[in-house]
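**Student:** What follows is the file model06.pdb, containing PDB, C-alpha atoms:
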ATOM      1  CA  MET Q   1    -135.991 105.285  48.737
ATOM      2  CA  VAL Q   2    -136.893 104.355  45.179
ATOM      3  CA  PRO Q   3    -134.596 106.087  42.666
ATOM      4  CA  THR Q   4    -136.368 108.329  40.214
ATOM      5  CA  ARG Q   5    -136.270 107.276  36.581
ATOM      6  CA  PRO Q   6    -134.482 109.648  34.198
ATOM      7  CA  GLN Q   7    -136.891 111.756  32.189
ATOM      8  CA  ARG Q   8    -136.745 111.503  28.421
ATOM      9  CA  THR Q   9    -136.399 114.778  26.580
ATOM     10  CA  PRO Q  10    -139.735 115.611  24.919
ATOM     11  CA  SER Q  11    -139.654 115.239  21.133
ATOM     12  CA  ASP Q  12    -140.645 118.879  20.635
ATOM     13  CA  ASP Q  13    -137.551 119.933  22.578
ATOM     14  CA  ILE Q  14    -135.023 117.725  20.804
ATOM     15  CA  PHE Q  15    -136.409 118.039  17.245
ATOM     16  CA  PRO Q  16    -135.184 121.556  16.323
ATOM     17  CA  GLY Q  17    -131.657 120.954  17.595
ATOM     18  CA  VAL Q  18    -131.253 117.642  15.817
ATOM     19  CA  LEU Q  19    -132.722 118.977  12.571
ATOM     20  CA  SER Q  20    -130.419 121.998  12.672
ATOM     21  CA  ALA Q  21    -127.409 119.798  13.410
ATOM     22  CA  ALA Q  22    -128.305 117.467  10.530
ATOM     23  CA  LEU Q  23    -128.516 120.364   8.083
ATOM     24  CA  GLU Q  24    -125.166 121.731   9.282
ATOM     25  CA  LEU Q  25    -123.531 118.336   8.769
ATOM     26  CA  MET Q  26    -125.019 118.092   5.274
ATOM     27  CA  LEU Q  27    -123.572 121.479   4.332
ATOM     28  CA  GLU Q  28    -120.160 121.001   5.936
ATOM     29  CA  GLU Q  29    -119.444 117.316   5.334
ATOM     30  CA  GLY Q  30    -121.913 116.243   2.673
ATOM     31  CA  PRO Q  31    -124.414 113.379   2.905
ATOM     32  CA  GLU Q  32    -121.703 110.913   3.964
ATOM     33  CA  GLY Q  33    -121.125 112.969   7.099
ATOM     34  CA  LEU Q  34    -124.686 112.456   8.276
ATOM     35  CA  THR Q  35    -124.246 109.589  10.762
ATOM     36  CA  VAL Q  36    -126.060 109.012  14.029
ATOM     37  CA  ARG Q  37    -122.853 109.395  16.028
ATOM     38  CA  ALA Q  38    -121.827 112.651  14.319
ATOM     39  CA  LEU Q  39    -125.365 113.972  14.532
ATOM     40  CA  ALA Q  40    -125.659 113.239  18.243
ATOM     41  CA  ARG Q  41    -122.305 114.874  18.909
ATOM     42  CA  ARG Q  42    -123.239 117.992  16.912
ATOM     43  CA  ALA Q  43    -126.685 118.253  18.539
ATOM     44  CA  GLY Q  44    -125.342 117.598  22.047
ATOM     45  CA  VAL Q  45    -127.537 114.569  22.696
ATOM     46  CA  ALA Q  46    -126.919 110.882  23.321
ATOM     47  CA  PRO Q  47    -126.923 108.694  20.180
ATOM     48  CA  MET Q  48    -129.799 106.702  21.692
ATOM     49  CA  SER Q  49    -131.885 109.890  21.639
ATOM     50  CA  ILE Q  50    -131.732 109.843  17.835
ATOM     51  CA  TYR Q  51    -133.194 106.343  17.875
ATOM     52  CA  ASN Q  52    -135.742 107.124  20.576
ATOM     53  CA  HIS Q  53    -137.070 110.298  18.983
ATOM     54  CA  PHE Q  54    -136.427 109.753  15.258
ATOM     55  CA  ASP Q  55    -136.185 105.981  14.935
ATOM     56  CA  GLY Q  56    -132.601 106.459  13.776
ATOM     57  CA  LYS Q  57    -131.049 108.139  10.768
ATOM     58  CA  ASN Q  58    -133.977 107.362   8.465
ATOM     59  CA  GLY Q  59    -136.286 109.396  10.684
ATOM     60  CA  VAL Q  60    -133.889 112.337  10.579
ATOM     61  CA  ILE Q  61    -133.814 112.173   6.766
ATOM     62  CA  ASP Q  62    -137.620 112.103   6.756
ATOM     63  CA  ALA Q  63    -137.635 115.186   8.992
ATOM     64  CA  ILE Q  64    -135.306 117.080   6.635
ATOM     65  CA  ILE Q  65    -137.387 116.172   3.581
ATOM     66  CA  ILE Q  66    -140.702 117.047   5.227
ATOM     67  CA  ASP Q  67    -139.289 120.365   6.432
ATOM     68  CA  GLY Q  68    -137.888 121.000   2.954
ATOM     69  CA  PHE Q  69    -141.143 120.374   1.138
ATOM     70  CA  THR Q  70    -142.959 122.573   3.647
ATOM     71  CA  LEU Q  71    -140.535 125.415   2.927
ATOM     72  CA  LEU Q  72    -140.697 124.766  -0.821
ATOM     73  CA  GLY Q  73    -144.482 124.867  -0.761
ATOM     74  CA  GLU Q  74    -144.440 128.224   1.009
ATOM     75  CA  LYS Q  75    -141.952 129.687  -1.460
ATOM     76  CA  ALA Q  76    -143.064 128.126  -4.754
ATOM     77  CA  GLY Q  77    -146.815 128.455  -4.240
ATOM     78  CA  THR Q  78    -146.869 131.714  -6.181
ATOM     79  CA  THR Q  79    -150.055 133.708  -6.799
ATOM     80  CA  GLU Q  80    -149.451 135.889  -9.865
ATOM     81  CA  THR Q  81    -152.705 136.818 -11.591
ATOM     82  CA  ASP Q  82    -151.411 135.922 -15.058
ATOM     83  CA  ALA Q  83    -151.114 132.133 -15.328
ATOM     84  CA  ARG Q  84    -148.013 132.164 -17.522
ATOM     85  CA  ALA Q  85    -146.257 134.694 -15.306
ATOM     86  CA  ASN Q  86    -147.235 132.600 -12.307
ATOM     87  CA  LEU Q  87    -145.621 129.486 -13.782
ATOM     88  CA  ILE Q  88    -142.402 131.393 -14.433
ATOM     89  CA  ALA Q  89    -142.511 132.888 -10.940
ATOM     90  CA  GLY Q  90    -143.001 129.434  -9.451
ATOM     91  CA  SER Q  91    -140.009 128.103 -11.387
ATOM     92  CA  CYS Q  92    -137.862 131.006 -10.196
ATOM     93  CA  ALA Q  93    -139.030 130.443  -6.620
ATOM     94  CA  TYR Q  94    -138.097 126.761  -6.901
ATOM     95  CA  ARG Q  95    -134.580 127.757  -7.924
ATOM     96  CA  GLU Q  96    -134.370 130.296  -5.098
ATOM     97  CA  PHE Q  97    -135.382 127.609  -2.617
ATOM     98  CA  ALA Q  98    -132.771 125.184  -3.933
ATOM     99  CA  LEU Q  99    -129.967 127.736  -3.691
ATOM    100  CA  GLU Q 100    -131.045 129.067  -0.285
ATOM    101  CA  TYR Q 101    -131.707 125.666   1.293
ATOM    102  CA  ARG Q 102    -129.007 123.545  -0.303
ATOM    103  CA  ALA Q 103    -128.864 120.936   2.448
ATOM    104  CA  HIS Q 104    -132.612 120.394   2.216
ATOM    105  CA  TYR Q 105    -132.493 120.254  -1.579
ATOM    106  CA  THR Q 106    -129.621 117.793  -1.619
ATOM    107  CA  THR Q 107    -131.497 115.506   0.765
ATOM    108  CA  MET Q 108    -134.747 115.844  -1.167
ATOM    109  CA  PHE Q 109    -133.469 115.430  -4.724
ATOM    110  CA  LEU Q 110    -129.732 114.990  -5.200
ATOM    111  CA  HIS Q 111    -128.631 112.169  -2.920
ATOM    112  CA  ARG Q 112    -129.934 108.668  -2.336
ATOM    113  CA  PHE Q 113    -129.068 107.431   1.143
ATOM    114  CA  VAL Q 114    -128.223 103.730   1.325
ATOM    115  CA  GLY Q 115    -130.965 101.851   3.165
ATOM    116  CA  TYR Q 116    -133.295 104.825   3.335
ATOM    117  CA  SER Q 117    -136.979 104.306   2.652
ATOM    118  CA  PRO Q 118    -139.329 107.294   2.939
ATOM    119  CA  SER Q 119    -142.212 107.191   5.372
ATOM    120  CA  PRO Q 120    -145.790 107.439   4.065
ATOM    121  CA  GLU Q 121    -145.937 111.028   5.397
ATOM    122  CA  THR Q 122    -142.791 111.912   3.462
ATOM    123  CA  VAL Q 123    -144.159 110.404   0.250
ATOM    124  CA  ALA Q 124    -147.432 112.298   0.692
ATOM    125  CA  ILE Q 125    -145.826 115.705   1.236
ATOM    126  CA  ALA Q 126    -143.437 115.144  -1.683
ATOM    127  CA  PHE Q 127    -146.415 114.436  -3.928
ATOM    128  CA  ARG Q 128    -148.101 117.619  -2.735
ATOM    129  CA  GLY Q 129    -144.967 119.467  -3.815
ATOM    130  CA  PHE Q 130    -145.444 118.217  -7.368
ATOM    131  CA  GLU Q 131    -149.138 119.107  -7.200
ATOM    132  CA  ILE Q 132    -148.196 122.792  -6.745
ATOM    133  CA  LEU Q 133    -146.341 122.803 -10.058
ATOM    134  CA  ALA Q 134    -149.030 120.719 -11.758
ATOM    135  CA  GLY Q 135    -151.651 123.209 -10.578
ATOM    136  CA  GLN Q 136    -149.668 126.109 -12.005
ATOM    137  CA  VAL Q 137    -149.416 124.345 -15.359
ATOM    138  CA  GLN Q 138    -153.100 123.439 -15.274
ATOM    139  CA  ARG Q 139    -153.973 127.125 -14.814
ATOM    140  CA  CYS Q 140    -151.980 127.847 -17.982
ATOM    141  CA  GLU Q 141    -153.827 125.080 -19.808
ATOM    142  CA  GLU Q 142    -157.152 126.603 -18.780
ATOM    143  CA  THR Q 143    -156.130 129.867 -20.485
ATOM    144  CA  GLY Q 144    -155.489 128.048 -23.772
ATOM    145  CA  MET Q 145    -151.812 127.175 -23.402
ATOM    146  CA  PHE Q 146    -150.195 123.772 -24.024
ATOM    147  CA  VAL Q 147    -152.836 122.653 -26.501
ATOM    148  CA  GLY Q 148    -152.713 118.916 -27.158
ATOM    149  CA  ARG Q 149    -150.489 118.266 -24.142
ATOM    150  CA  SER Q 150    -151.287 116.771 -20.759
ATOM    151  CA  TYR Q 151    -150.676 119.286 -17.983
ATOM    152  CA  ILE Q 152    -149.055 116.490 -15.958
ATOM    153  CA  ASP Q 153    -146.610 115.825 -18.793
ATOM    154  CA  VAL Q 154    -145.802 119.522 -19.115
ATOM    155  CA  ALA Q 155    -145.295 119.802 -15.362
ATOM    156  CA  GLN Q 156    -142.868 116.887 -15.467
ATOM    157  CA  GLN Q 157    -140.935 118.503 -18.317
ATOM    158  CA  VAL Q 158    -140.752 121.873 -16.561
ATOM    159  CA  TRP Q 159    -139.650 120.236 -13.311
ATOM    160  CA  ALA Q 160    -136.960 118.196 -15.068
ATOM    161  CA  ALA Q 161    -135.612 121.301 -16.803
ATOM    162  CA  VAL Q 162    -135.581 123.474 -13.682
ATOM    163  CA  HIS Q 163    -134.074 120.698 -11.587
ATOM    164  CA  GLY Q 164    -131.315 120.102 -14.116
ATOM    165  CA  TYR Q 165    -130.355 123.768 -14.201
ATOM    166  CA  VAL Q 166    -130.427 124.045 -10.415
ATOM    167  CA  ALA Q 167    -128.473 120.831  -9.863
ATOM    168  CA  LEU Q 168    -125.650 122.141 -12.042
ATOM    169  CA  GLU Q 169    -125.632 125.396 -10.076
ATOM    170  CA  ILE Q 170    -125.422 123.578  -6.753
ATOM    171  CA  LEU Q 171    -122.556 121.486  -8.100
ATOM    172  CA  GLY Q 172    -120.779 124.684  -9.142
ATOM    173  CA  ILE Q 173    -121.174 124.000 -12.869
ATOM    174  CA  ASN Q 174    -122.672 127.216 -14.174
ATOM    175  CA  PHE Q 175    -120.809 129.483 -16.580
ATOM    176  CA  ALA Q 176    -123.649 131.896 -17.382
ATOM    177  CA  SER Q 177    -122.725 135.578 -17.537
ATOM    178  CA  ASP Q 178    -125.795 136.524 -15.479
ATOM    179  CA  ARG Q 179    -127.256 133.505 -13.732
ATOM    180  CA  ASP Q 180    -130.603 135.023 -12.796
ATOM    181  CA  ARG Q 181    -131.238 136.492 -16.246
ATOM    182  CA  ILE Q 182    -130.129 133.373 -18.103
ATOM    183  CA  PHE Q 183    -132.320 131.183 -15.922
ATOM    184  CA  TYR Q 184    -135.327 133.412 -16.587
ATOM    185  CA  GLU Q 185    -134.648 133.345 -20.337
ATOM    186  CA  PHE Q 186    -134.242 129.571 -20.178
ATOM    187  CA  ILE Q 187    -137.613 129.054 -18.482
ATOM    188  CA  ASP Q 188    -139.310 131.602 -20.730
ATOM    189  CA  ALA Q 189    -138.003 129.827 -23.841
ATOM    190  CA  LEU Q 190    -138.970 126.422 -22.450
ATOM    191  CA  ILE Q 191    -142.543 127.518 -21.843
ATOM    192  CA  LYS Q 192    -142.745 129.104 -25.298
ATOM    193  CA  GLY Q 193    -141.555 125.843 -26.842
ATOM    194  CA  LEU Q 194    -144.019 123.727 -24.865
ATOM    195  CA  ASP Q 195    -146.791 126.123 -25.832
ATOM    196  CA  GLU Q 196    -146.334 125.182 -29.475
ATOM    197  CA  PRO Q 197    -148.964 122.668 -30.622
ATOM    198  CA  ALA Q 198    -147.817 119.105 -30.014
ATOM    199  CA  SER Q 199    -146.978 117.277 -33.235
TER     200      SER Q 199
END
With the file now loaded, output its structure as structure tokens.
**Tutor:**
Amino acid sequence: MVPTRPQRTPSDDIFPGVLSAALELMLEEGPEGLTVRALARRAGVAPMSIYNHFDGKNGVIDAIIIDGFTLLGEKAGTTETDARANLIAGSCAYREFALEYRAHYTTMFLHRFVGYSPSPETVAIAFRGFEILAGQVQRCEETGMFVGRSYIDVAQQVWAAVHGYVALEILGINFASDRDRIFYEFIDALIKGLDEPAS
């Protein structure tokens, strides 16, 4: 009798468990805790499964980033009628995403994993994330805001400002009396300043 070959677990079955385990490790142990051995143990799979289904740790990082940008796109793709209000709403939604999905955000923006190189799919979805913000700024430009400025440049400035504020919050370095209100005032003032004619 010919012995039957063991069946590999379908990727669709293993993916959610491994992704969830990776995010838990990121939250509990930080980026350094995300190893193939620890991940396999947490997910209840053999280490070789991580290589077979994700091509190793790099594939898991890609999966976290792709999932993160998908979630960010859903949250930050705001649809306020007023273009300026929509840009502020998008900035607030970005912050909400970062604070709600800290493991994703850390993987996407705050930590550089040694030896990691993003896949073409990861690069493409990350770029689409920036396009959401750029589109919000472009809508403002079309209403007469940001005269003399490139909407891409303004988008980069807004992103840098929001990211800096959020990064400090995630690191526990925020002494504001009312974090939500101060963030809103910060973004409102930033947009007012950028709306001044460029010198």
**Student:** At most 12 Å is the cut-off: for each residue in stretch 52-132 of chain Q with any atom that close to an atom of stretch 174-184 of chain Q, write down the nearest atom pair and the distance in Å rounded to one decimal, counting all atoms listed in the file, chain first then increasing number, as a tab-separated table.
**Tutor:**
residue	atom	partner	partner_atom	distance
Q:Ala85	CA	Q:Tyr184	CA	11.1
Q:Leu87	CA	Q:Tyr184	CA	11.4
Q:Ile88	CA	Q:Tyr184	CA	7.7
Q:Ala89	CA	Q:Tyr184	CA	9.2
Q:Gly90	CA	Q:Tyr184	CA	11.2
Q:Ser91	CA	Q:Tyr184	CA	8.8
Q:Cys92	CA	Q:Tyr184	CA	7.3
Q:Ala93	CA	Q:Tyr184	CA	11.0
Q:Tyr94	CA	Q:Phe183	CA	11.6
Q:Arg95	CA	Q:Phe183	CA	9.0
Q:Glu96	CA	Q:Asp180	CA	9.8
Q:Leu99	CA	Q:Asp180	CA	11.7
**Student:** Any chance you could resolve the PyMOL selection byres ((chain Q and resi 53) around 12) against this file and give the residues as a PyMOL selection string?
**Tutor:** chain Q and resi 8-16+18-19+40+45-52+54-60+63
**Student:** Written as a list in words, which residues does the PyMOL selection byres ((chain Q and resi 134) around 10) give for the file shown?
**Tutor:** Leu87, Arg128, Gly129, Phe130, Glu131, Ile132, Leu133, Gly135, Gln136, Val137, Gln138, Arg139, Cys140, Tyr151, Ile152, Asp153, Val154, Ala155, Gln156, Val158 and Trp159 of chain Q
**Student:** Using all atoms listed in the file, pick whichever of Q:Ala98, Q:Gly148, Q:Pro118, Q:Ile125 has the shortest atom-to-atom distance to Q:His163.
**Tutor:**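 Checking each of Q:Ala98, Q:Gly148, Q:Pro118, Q:Ile125 against Q:His163, counting all atoms listed in the file, the winner is Q:Ala98.
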**Student:** I'd like to know which of Q:Asp67, Q:Ala83, Q:Gly73, Q:Arg102 is closest to Q:Glu24, using all atoms listed in the file.
**Tutor:** Q:Arg102
**Student:** So that all listed atoms of stretch 176-189 of chain Q fit with 5 Å spare on each side, what axis-aligned box centre and edge lengths in Å, to one decimal, would you give as lines of an AutoDock Vina configuration file?
**Tutor:**
center_x = -131.0
center_y = 132.8
center_z = -18.3
size_x = 26.6
size_y = 17.5
size_z = 21.0
**Student:** Could you tell me which of Q:Gly77, Q:Gly164, Q:Gly144, Q:Gly68 comes closest to Q:Thr122 if we count all atoms listed in the file?
**Tutor:**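 Among the listed residues, Q:Gly68 lies closest to Q:Thr122.
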**Student:** For Q:Thr106, which residue among Q:Glu121, Q:Glu32, Q:Glu74, Q:Asp195 is the nearest when counting all atoms listed in the file?
**Tutor:** Q:Glu32
**Student:** For a test of reading the model, state the distance in Å between atom CA of Q:Val36 and atom CA of Q:Phe109, rounded to one decimal.
**Tutor:** 21.2 Å
**Student:** May I have the protein, DNA and RNA residues with any atom at most 12 Å from the point (-144.6, 119.3, -29.4), counting all atoms listed in the file, written as a PyMOL selection string?
**Tutor:** chain Q and resi 146-150+153-154+157+190-199
**Student:** Would you save the residues of that selection, restricted to C-alpha atoms, as a PDB file, keeping the file's coordinate frame?
**Tutor:**
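The resulting result-v2.pdb:
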ATOM      1  CA  PHE Q 146    -150.195 123.772 -24.024  1.00  0.00           C
ATOM      2  CA  VAL Q 147    -152.836 122.653 -26.501  1.00  0.00           C
ATOM      3  CA  GLY Q 148    -152.713 118.916 -27.158  1.00  0.00           C
ATOM      4  CA  ARG Q 149    -150.489 118.266 -24.142  1.00  0.00           C
ATOM      5  CA  SER Q 150    -151.287 116.771 -20.759  1.00  0.00           C
ATOM      6  CA  ASP Q 153    -146.610 115.825 -18.793  1.00  0.00           C
ATOM      7  CA  VAL Q 154    -145.802 119.522 -19.115  1.00  0.00           C
ATOM      8  CA  GLN Q 157    -140.935 118.503 -18.317  1.00  0.00           C
ATOM      9  CA  LEU Q 190    -138.970 126.422 -22.450  1.00  0.00           C
ATOM     10  CA  ILE Q 191    -142.543 127.518 -21.843  1.00  0.00           C
ATOM     11  CA  LYS Q 192    -142.745 129.104 -25.298  1.00  0.00           C
ATOM     12  CA  GLY Q 193    -141.555 125.843 -26.842  1.00  0.00           C
ATOM     13  CA  LEU Q 194    -144.019 123.727 -24.865  1.00  0.00           C
ATOM     14  CA  ASP Q 195    -146.791 126.123 -25.832  1.00  0.00           C
ATOM     15  CA  GLU Q 196    -146.334 125.182 -29.475  1.00  0.00           C
ATOM     16  CA  PRO Q 197    -148.964 122.668 -30.622  1.00  0.00           C
ATOM     17  CA  ALA Q 198    -147.817 119.105 -30.014  1.00  0.00           C
ATOM     18  CA  SER Q 199    -146.978 117.277 -33.235  1.00  0.00           C
TER      19      SER Q 199
END
**Student:** At what distance in Å, to one decimal, does atom CA of Q:Ile65 lie from atom CA of Q:Arg112?
**Tutor:**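 Between atom CA of Q:Arg112 and atom CA of Q:Ile65 the gap is 12.1 Å.
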**Student:** Taking 2 positions as the minimum chain separation for residues in the same chain, which residues sit within 10 Å of Q:Tyr105 when counting all atoms listed in the file? Answer as a ChimeraX atom specification.
**Tutor:** /Q:64-65,68-69,72,97-103,107-111,166-167,170
**Student:** Under the rule that all atoms listed in the file are counted, which of Q:Ile61, Q:Leu27, Q:Ala189, Q:Ala38 is the nearest residue to Q:Ser117?
**Tutor:**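 So, comparing all the options, the nearest one is Q:Ile61.
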**Student:** Between atom CA of Q:Val123 and atom CA of Q:Arg37, measure the distance and give it in Å to one decimal.
**Tutor:** 26.5 Å
